[in-house]
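Novice: Contents of my_file-v5.txt (compact mmCIF, C-alpha atoms) are given next:
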# COMPACT_ATOMS: atom_id res chain seq x y z
CA MET G 1 54.99 36.31 309.46
CA ILE G 2 51.84 38.25 308.88
CA ALA G 3 48.64 36.33 308.06
CA ALA G 4 44.92 37.10 308.07
CA THR G 5 41.93 36.42 305.86
CA ALA G 6 38.34 37.63 305.62
CA SER G 7 35.05 36.19 306.88
CA GLU G 8 31.56 37.52 307.52
CA ARG G 9 30.28 36.12 310.83
CA LEU G 10 30.80 38.92 313.32
CA GLN G 11 28.30 41.76 312.96
CA PRO G 12 28.54 45.41 314.13
CA THR G 13 27.84 45.84 317.82
CA GLY G 14 25.85 49.05 317.41
CA ALA G 15 28.44 51.61 318.50
CA PRO G 16 31.79 52.76 317.11
CA PRO G 17 35.00 51.82 318.90
CA GLN G 18 35.80 54.06 321.84
CA SER G 19 38.87 54.55 323.99
CA THR G 20 38.14 53.65 327.60
CA GLY G 21 40.88 55.94 328.84
CA ALA G 22 42.14 53.41 331.38
CA ALA G 23 45.05 54.87 333.28
CA GLY G 24 48.47 53.78 332.07
CA ARG G 25 47.28 51.92 328.98
CA ILE G 26 48.78 52.92 325.63
CA VAL G 27 46.05 51.06 323.76
CA ASP G 28 42.59 50.60 325.25
CA ILE G 29 39.71 50.53 322.77
CA VAL G 30 36.30 48.97 323.35
CA SER G 31 33.41 48.17 321.01
CA GLY G 32 30.60 46.27 322.71
CA PRO G 33 32.09 43.03 324.08
CA LEU G 34 35.28 43.53 322.03
CA GLU G 35 38.40 45.15 323.45
CA VAL G 36 41.84 45.92 322.03
CA ARG G 37 44.78 46.39 324.37
CA LEU G 38 48.39 45.34 324.87
CA ALA G 39 49.31 42.17 326.75
CA GLU G 40 49.95 42.90 330.42
CA THR G 41 50.56 39.51 332.03
CA ALA G 42 52.19 36.17 331.34
CA ALA G 43 48.68 34.73 330.93
CA ASP G 44 48.02 37.25 328.15
CA THR G 45 51.14 36.14 326.31
CA GLU G 46 50.31 32.46 326.76
CA ALA G 47 46.85 33.07 325.31
CA VAL G 48 48.36 34.83 322.30
CA GLN G 49 50.81 32.00 321.69
CA ALA G 50 48.02 29.42 321.92
CA LEU G 51 45.92 31.35 319.40
CA ARG G 52 48.87 31.66 317.03
CA TYR G 53 49.52 27.91 317.27
CA ARG G 54 45.92 27.09 316.43
CA ILE G 55 45.88 29.42 313.42
CA PHE G 56 49.37 28.87 312.00
CA TYR G 57 49.92 25.18 312.71
CA GLU G 58 46.51 23.56 313.00
CA ILE G 59 44.74 25.55 310.26
CA MET G 60 47.34 27.02 307.91
CA GLY G 61 49.64 24.01 307.74
CA ALA G 62 52.82 25.33 309.37
CA ARG G 63 55.24 22.68 310.62
CA PRO G 64 55.95 22.90 314.35
CA PRO G 65 59.21 21.74 315.93
CA PRO G 66 58.62 18.82 318.34
CA GLU G 67 58.78 20.92 321.52
CA MET G 68 56.37 23.47 320.10
CA ALA G 69 53.96 20.72 319.03
CA LYS G 70 54.06 19.27 322.55
CA GLU G 71 53.33 22.63 324.17
CA ARG G 72 50.85 23.72 321.46
CA ARG G 73 52.26 27.22 321.62
CA ASP G 74 53.80 29.31 318.83
CA ARG G 75 56.67 31.05 320.58
CA ASP G 76 60.16 32.33 319.93
CA ALA G 77 62.76 34.60 321.50
CA PHE G 78 61.13 37.74 320.07
CA ASP G 79 58.03 37.22 322.21
CA ARG G 80 60.02 38.34 325.25
CA ILE G 81 61.01 41.72 323.83
CA CYS G 82 57.89 42.74 321.89
CA ASP G 83 54.50 44.23 322.67
CA HIS G 84 51.58 41.90 321.94
CA LEU G 85 48.39 43.56 320.71
CA LEU G 86 45.29 41.59 321.73
CA VAL G 87 41.69 41.57 320.57
CA LEU G 88 39.43 40.14 323.26
CA ASP G 89 35.79 39.10 323.06
CA HIS G 90 34.61 39.25 326.66
CA SER G 91 31.36 37.49 325.77
CA ARG G 92 33.39 34.28 325.40
CA GLY G 93 34.33 34.21 329.07
CA SER G 94 36.27 36.02 331.76
CA SER G 95 39.52 34.13 331.14
CA VAL G 96 41.89 35.75 328.65
CA ALA G 97 42.58 32.26 327.25
CA ASP G 98 38.91 32.05 326.26
CA ALA G 99 38.52 35.69 325.23
CA VAL G 100 41.52 36.35 322.96
CA VAL G 101 40.49 36.22 319.27
CA GLY G 102 43.19 38.25 317.52
CA THR G 103 46.76 39.45 317.89
CA TYR G 104 49.66 41.38 316.37
CA ARG G 105 53.28 41.37 317.47
CA LEU G 106 54.91 44.82 317.67
CA ILE G 107 58.68 45.34 317.91
CA ARG G 108 60.20 48.82 318.19
CA ARG G 109 63.75 49.86 317.44
CA ASP G 110 65.03 49.88 321.04
CA ALA G 111 63.63 46.39 321.73
CA ALA G 112 65.24 45.00 318.59
CA THR G 113 68.52 46.70 319.50
CA ARG G 114 68.51 45.06 322.93
CA HIS G 115 67.68 41.69 321.37
CA GLY G 116 70.24 42.07 318.61
CA ALA G 117 67.99 42.07 315.53
CA PHE G 118 64.50 42.39 314.14
CA TYR G 119 62.68 39.20 313.17
CA SER G 120 62.65 40.29 309.51
CA ALA G 121 66.44 40.39 309.42
CA ALA G 122 66.49 36.58 309.14
CA GLU G 123 64.88 36.91 305.71
CA PHE G 124 65.65 40.41 304.41
CA ASP G 125 68.42 42.97 304.40
CA ILE G 126 66.60 45.77 306.23
CA ALA G 127 69.59 48.08 306.71
CA ARG G 128 67.83 50.87 304.81
CA LEU G 129 64.80 50.56 307.07
CA ILE G 130 66.90 50.53 310.23
CA GLY G 131 68.64 53.66 308.95
CA TYR G 132 65.35 55.50 308.51
CA PRO G 133 65.19 58.56 310.82
CA GLY G 134 62.77 58.39 313.72
CA GLU G 135 61.05 55.47 315.37
CA ILE G 136 60.39 52.31 313.37
CA LEU G 137 58.05 49.42 314.11
CA GLU G 138 58.09 45.82 312.94
CA LEU G 139 54.67 44.19 312.60
CA GLY G 140 54.40 40.42 312.69
CA ARG G 141 52.66 37.24 313.82
CA SER G 142 49.24 38.66 313.00
CA CYS G 143 46.31 36.28 313.18
CA VAL G 144 42.59 36.35 313.90
CA ASP G 145 40.32 33.53 315.03
CA ALA G 146 38.36 32.03 312.14
CA GLY G 147 35.02 33.32 313.45
CA TYR G 148 36.17 36.92 313.76
CA ARG G 149 37.77 37.84 310.43
CA ALA G 150 35.17 40.45 309.56
CA ARG G 151 35.39 44.22 309.28
CA PRO G 152 34.76 45.19 312.96
CA VAL G 153 37.64 43.11 314.35
CA MET G 154 40.06 44.18 311.62
CA GLN G 155 39.07 47.81 312.27
CA LEU G 156 39.79 47.33 315.96
CA LEU G 157 43.20 45.83 315.24
CA TRP G 158 44.11 48.77 313.01
CA SER G 159 42.71 51.23 315.54
CA GLY G 160 44.98 49.64 318.13
CA ILE G 161 48.00 49.86 315.84
CA ALA G 162 47.14 53.50 315.06
CA ALA G 163 46.99 54.34 318.78
CA TYR G 164 50.36 52.62 319.30
CA VAL G 165 51.87 54.45 316.31
CA PHE G 166 50.67 57.81 317.56
CA HIS G 167 51.87 57.16 321.12
CA TYR G 168 55.41 56.24 320.08
CA ASP G 169 55.54 58.62 317.09
CA ILE G 170 56.31 55.75 314.70
CA ALA G 171 57.61 56.97 311.34
CA LEU G 172 57.89 53.66 309.48
CA MET G 173 56.33 50.22 309.79
CA PHE G 174 57.51 47.02 308.13
CA GLY G 175 57.31 43.26 308.39
CA CYS G 176 57.27 39.91 306.62
CA ALA G 177 53.94 39.48 304.82
CA SER G 178 52.95 36.02 303.68
CA LEU G 179 51.52 34.54 300.53
CA PRO G 180 50.15 31.04 301.22
CA GLY G 181 52.19 28.11 299.96
CA THR G 182 55.66 27.68 298.47
CA ASP G 183 54.77 26.78 294.85
CA LEU G 184 56.45 29.60 292.94
CA ASP G 185 54.61 28.78 289.73
CA ALA G 186 51.29 29.17 291.54
CA LEU G 187 52.50 32.45 293.06
CA ALA G 188 53.98 33.84 289.86
CA ALA G 189 51.16 36.33 289.25
CA PRO G 190 50.99 37.90 292.75
CA LEU G 191 54.78 38.09 293.08
CA SER G 192 55.15 39.70 289.67
CA TYR G 193 52.28 42.10 290.34
CA LEU G 194 53.75 43.24 293.65
CA TYR G 195 57.14 43.87 292.05
CA TYR G 196 55.82 45.71 289.00
CA HIS G 197 53.23 47.84 290.80
CA HIS G 198 54.30 48.26 294.43
CA LEU G 199 58.10 48.10 294.60
CA ALA G 200 59.48 50.38 297.30
CA PRO G 201 61.53 53.42 296.30
CA PRO G 202 65.30 52.82 296.51
CA ALA G 203 65.69 54.55 299.89
CA LEU G 204 63.20 52.11 301.47
CA ARG G 205 63.87 49.01 299.38
CA ALA G 206 64.64 46.09 301.65
CA ARG G 207 66.02 43.10 299.76
CA ALA G 208 65.76 39.39 300.39
CA LEU G 209 69.01 37.95 301.71
CA ARG G 210 71.21 36.64 298.92
CA GLU G 211 71.10 33.04 300.10
CA ARG G 212 67.29 33.13 300.36
CA PHE G 213 66.48 35.43 297.44
CA VAL G 214 63.56 34.44 295.18
CA ASP G 215 63.11 36.59 292.09
CA MET G 216 59.65 38.17 292.07
CA CYS G 217 59.70 38.93 288.31
CA ARG G 218 58.26 35.60 287.24
CA LEU G 219 55.90 36.73 284.48
CA ASP G 220 56.10 39.33 281.74
CA PRO G 221 54.29 42.53 282.85
CA ALA G 222 51.80 42.14 280.00
CA ALA G 223 50.80 38.71 281.34
CA VAL G 224 49.70 40.10 284.71
CA ASP G 225 46.15 41.42 285.07
CA PRO G 226 46.57 44.09 287.81
CA ASN G 227 42.94 44.28 288.93
CA ARG G 228 42.38 40.53 288.98
CA THR G 229 45.67 39.83 290.74
CA LEU G 230 45.14 42.54 293.35
CA ALA G 231 41.68 41.16 294.13
CA ALA G 232 43.17 37.69 294.74
CA LEU G 233 45.88 38.83 297.16
CA PRO G 234 45.59 37.93 300.86
CA PRO G 235 43.37 40.56 302.51
CA LEU G 236 46.07 41.78 304.88
CA ILE G 237 48.52 42.46 302.05
CA LYS G 238 45.76 44.26 300.16
CA GLY G 239 45.13 46.35 303.25
CA TYR G 240 48.77 47.42 303.45
CA LEU G 241 48.78 48.33 299.77
CA ARG G 242 45.63 50.41 300.15
CA LEU G 243 47.41 52.36 302.86
CA GLY G 244 50.19 53.17 300.40
CA GLY G 245 52.46 50.28 301.36
CA PHE G 246 55.41 49.04 299.30
CA VAL G 247 57.23 45.73 298.95
CA GLY G 248 60.93 45.05 299.00
CA ASP G 249 62.93 43.35 296.26
CA GLY G 250 62.83 39.57 296.36
CA ALA G 251 60.70 37.02 298.18
CA VAL G 252 61.70 34.34 300.70
CA ILE G 253 60.32 30.82 301.08
CA ASP G 254 59.48 29.97 304.69
CA GLU G 255 59.31 26.18 304.83
CA GLN G 256 58.27 26.06 308.49
CA PHE G 257 55.21 28.24 307.94
CA ASN G 258 54.47 26.93 304.42
CA THR G 259 54.47 30.48 303.03
CA THR G 260 56.33 32.71 300.62
CA ASP G 261 57.18 36.02 302.28
CA VAL G 262 57.64 39.52 300.97
CA CYS G 263 58.81 42.53 302.96
CA ILE G 264 56.06 45.10 303.40
CA ILE G 265 56.99 48.74 304.15
CA VAL G 266 54.48 51.43 305.17
CA LYS G 267 55.24 55.07 305.95
CA THR G 268 52.95 56.12 308.77
CA ASP G 269 52.31 59.59 307.37
CA LEU G 270 50.48 57.75 304.59
CA VAL G 271 48.65 55.63 307.17
CA SER G 272 47.64 58.68 309.17
CA GLU G 273 46.12 60.29 306.10
CA LYS G 274 44.69 57.34 304.20
CA TYR G 275 43.58 55.18 307.12
CA SER G 276 41.91 58.03 308.96
CA ARG G 277 39.85 58.83 305.83
CA HIS G 278 39.16 55.13 305.23
CA TYR G 279 38.20 54.54 308.88
CA GLU G 280 35.90 57.56 309.01
CA ARG G 281 34.14 56.38 305.85
CA GLN G 282 33.83 52.78 307.02
CA SER G 283 32.64 53.86 310.47
CA LYS G 284 29.81 55.82 308.91
CA GLU G 285 28.85 52.84 306.77
CA THR G 286 29.24 50.20 309.46
CA TRP G 287 27.73 51.92 312.44
CA ALA G 288 24.90 53.87 310.78
CA ALA G 289 21.52 53.15 312.33
What is this file in structure tokens?

Specialist:
Amino acid sequence: MIAATASERLQPTGAPPQSTGAAGRIVDIVSGPLEVRLAETAADTEAVQALRYRIFYEIMGARPPPEMAKERRDRDAFDRICDHLLVLDHSRGSSVADAVVGTYRLIRRDAATRHGAFYSAAEFDIARLIGYPGEILELGRSCVDAGYRARPVMQLLWSGIAAYVFHYDIALMFGCASLPGTDLDALAAPLSYLYYHHLAPPALRARALRERFVDMCRLDPAAVDPNRTLAALPPLIKGYLRLGGFVGDGAVIDEQFNTTDVCIIVKTDLVSEKYSRHYERQSKETWAA
């Protein structure tokens, strides 16, 4: 599941993000009190799981199993084999439990092979993605604290992902991206728009599993206003599309998370080109004196 929305509280800190160059860290980017890095300890992972629980279950209406509700942690078997990307606000306190305000879950091919599958494989046939040459990366479980969903934090998250992509020479990224709710009539316009305007080419077209397949073609193309529908999409999905992302064929209803999922696919050569231009432009706008 990938979920994030926009807000306006956090303001620029006065300097663009910089790599700290800490020895041994694949991702280490700092902007004022904010830092992006990978989880390094069990405490880091616990803090991420607590943040995910608050966002997914307490705010977004997901339905926790009893044990998860008791622990107040969003966790599953994939947490043990992934890399967790963290955004920390050190002004909130020295404890990582206090400081963590955003996260992404990153799963590479070798980790998924050891585990036996990618998370997305429970919803989509991703054989074509697994067969893609080079390194592949599954993105998931993205969330940001309600007070931090503004441009600087989202830039830091994407800067962290870019650093990770460059380090591991990732060729393709994918994951389950979520539309809120499970009312297919209410989601008819965004599902139809995504299919008509952003369907992946055949070689990269993941498909919802037959037993979970939801047809995305719910409205006639003429009934879908592209500009209006794009503007109403969840910000994270819009971000993927702006980077040249595609969607697979078919959606999947996730009753536990109260979402309807599509498979997002992004070739990183497009990210490298489009995001670098976008980031340079936004940096000039955001950090100008």

Novice: Excluding region 253-261 of chain G and any residue of its chain fewer than 5 positions from it, enumerate the residues within 6 Å of it, using all atoms listed in the file, and give them as a list in words.

Specialist: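 Counting all atoms listed in the file, the residues come to Ala62, Arg63, Cys176, Ala177, Ser178, Leu179, Pro180, Gly181 and Thr182 of chain G.
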
Novice: Which is closest to Val96 (chain G) among G:Lys267, G:Leu51, G:Arg80, G:Val144, if we use all atoms listed in the file?

Specialist: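 Of the candidates, the smallest distance to Val96 (chain G) is held by G:Leu51.
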
Novice: Which residues are near Phe118 (chain G)? Cut-off 8 Å, only C-alpha atoms, ignore same chain within fewer than 4 positions. Put them as a list in words.

Specialist: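 Counting only the stated atoms, we get Ile107, Ala112, Thr113, Ala122 and Glu138 of chain G.
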
Novice: For the selection you just gave me, I'd like the residues written to a file as a PDB file, keeping the file's coordinate frame, keeping C-alpha atoms.

Specialist:
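Output (result.pdb):
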ATOM      1  CA  ILE G 107      58.680  45.340 317.910  1.00  0.00           C
ATOM      2  CA  ALA G 112      65.240  45.000 318.590  1.00  0.00           C
ATOM      3  CA  THR G 113      68.520  46.700 319.500  1.00  0.00           C
ATOM      4  CA  ALA G 122      66.490  36.580 309.140  1.00  0.00           C
ATOM      5  CA  GLU G 138      58.090  45.820 312.940  1.00  0.00           C
TER       6      GLU G 138
END

Novice: Provide the CA of Ile264 (chain G) to CA of Cys143 (chain G) distance in Å, to one decimal place.

Specialist: 16.4 Å

Novice: For Asp76 (chain G), which of G:Tyr53, G:Phe246, G:Ala251, G:Pro190 is the closest residue, counting all atoms listed in the file?

Specialist: G:Tyr53

Novice: Counting all atoms listed in the file, find residues at most 8 Å from (50.3, 33.3, 318.7) (file frame) and give them as a ChimeraX atom specification.

Specialist: /G:47-55,73-75,103,141-143

Novice: Considering all atoms listed in the file, state which residue in the set G:Pro234, G:Pro201, G:Gly140, G:Gly24 is at the smallest distance from Arg105 (chain G).

Specialist: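 Checking each of G:Pro234, G:Pro201, G:Gly140, G:Gly24 against Arg105 (chain G), counting all atoms listed in the file, the winner is G:Gly140.
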
Novice: Nearest to Pro235 (chain G): which of G:Met154, G:Leu172, G:Met216, G:Ala200 is it, counting all atoms listed in the file?

Specialist: G:Met154

Novice: Just how far from CA of Gly116 (chain G) is CA of Ile161 (chain G), in Å to one decimal?

Specialist: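 Computing it gives 23.7 Å between the two atoms.
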
Novice: Quick one: pull the distance between CA of Asp79 (chain G) and CA of Tyr168 (chain G), Å, one decimal.

Specialist: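 Going from CA of Asp79 (chain G) over to CA of Tyr168 (chain G), I get 19.3 Å.
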
Novice: Point out the residue among G:Leu204, G:Ala121, G:Leu86, G:Val224 with the least atom-to-atom distance to Leu191 (chain G), counting all atoms listed in the file.

Specialist: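 That would be G:Val224, the residue with the smallest distance to Leu191 (chain G).
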
Novice: What lies within 12 Å of Asp225 (chain G) using only C-alpha atoms, ignoring chain neighbours under 2 positions off, as an MDAnalysis selection string?

Specialist: chainID G and resid 188:190 192:194 196:197 219:223 227:232

Novice: Return the single residue from G:Ala69, G:Leu209, G:Ala146, G:Leu88 that is closest to Gly250 (chain G), with distances computed using only C-alpha atoms.

Specialist: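 Looking at the shortest contact to Gly250 (chain G), the residue is G:Leu209.
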
Novice: Using 4 Å of padding on each side, determine the axis-aligned box around all atoms of region 106-123 of chain G present in the file and give its centre and edge lengths in Å to one decimal, as JSON.

Specialist:
{"center_x": 62.6, "center_y": 43.2, "center_z": 314.3, "size_x": 23.3, "size_y": 21.3, "size_z": 25.2}

Novice: Got a sec: who's within 12 Å of Asp110 (chain G), counting all atoms listed in the file, leaving out chain neighbours fewer than 4 positions off, as a list in words?

Specialist: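 The contact residues come out as Ile81, Cys82, Leu106, Arg114, His115, Gly116, Ala117, Phe118, Ile130, Gly134, Glu135, Ile136, Leu137, Glu138 and Tyr168 of chain G.
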
Novice: Go ahead and save the residues from that selection, with C-alpha atoms, as a PDB file, keeping the file's coordinate frame.

Specialist:
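Written output follows (out_8.pdb):
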ATOM      1  CA  ILE G  81      61.010  41.720 323.830  1.00  0.00           C
ATOM      2  CA  CYS G  82      57.890  42.740 321.890  1.00  0.00           C
ATOM      3  CA  LEU G 106      54.910  44.820 317.670  1.00  0.00           C
ATOM      4  CA  ARG G 114      68.510  45.060 322.930  1.00  0.00           C
ATOM      5  CA  HIS G 115      67.680  41.690 321.370  1.00  0.00           C
ATOM      6  CA  GLY G 116      70.240  42.070 318.610  1.00  0.00           C
ATOM      7  CA  ALA G 117      67.990  42.070 315.530  1.00  0.00           C
ATOM      8  CA  PHE G 118      64.500  42.390 314.140  1.00  0.00           C
ATOM      9  CA  ILE G 130      66.900  50.530 310.230  1.00  0.00           C
ATOM     10  CA  GLY G 134      62.770  58.390 313.720  1.00  0.00           C
ATOM     11  CA  GLU G 135      61.050  55.470 315.370  1.00  0.00           C
ATOM     12  CA  ILE G 136      60.390  52.310 313.370  1.00  0.00           C
ATOM     13  CA  LEU G 137      58.050  49.420 314.110  1.00  0.00           C
ATOM     14  CA  GLU G 138      58.090  45.820 312.940  1.00  0.00           C
ATOM     15  CA  TYR G 168      55.410  56.240 320.080  1.00  0.00           C
TER      16      TYR G 168
END
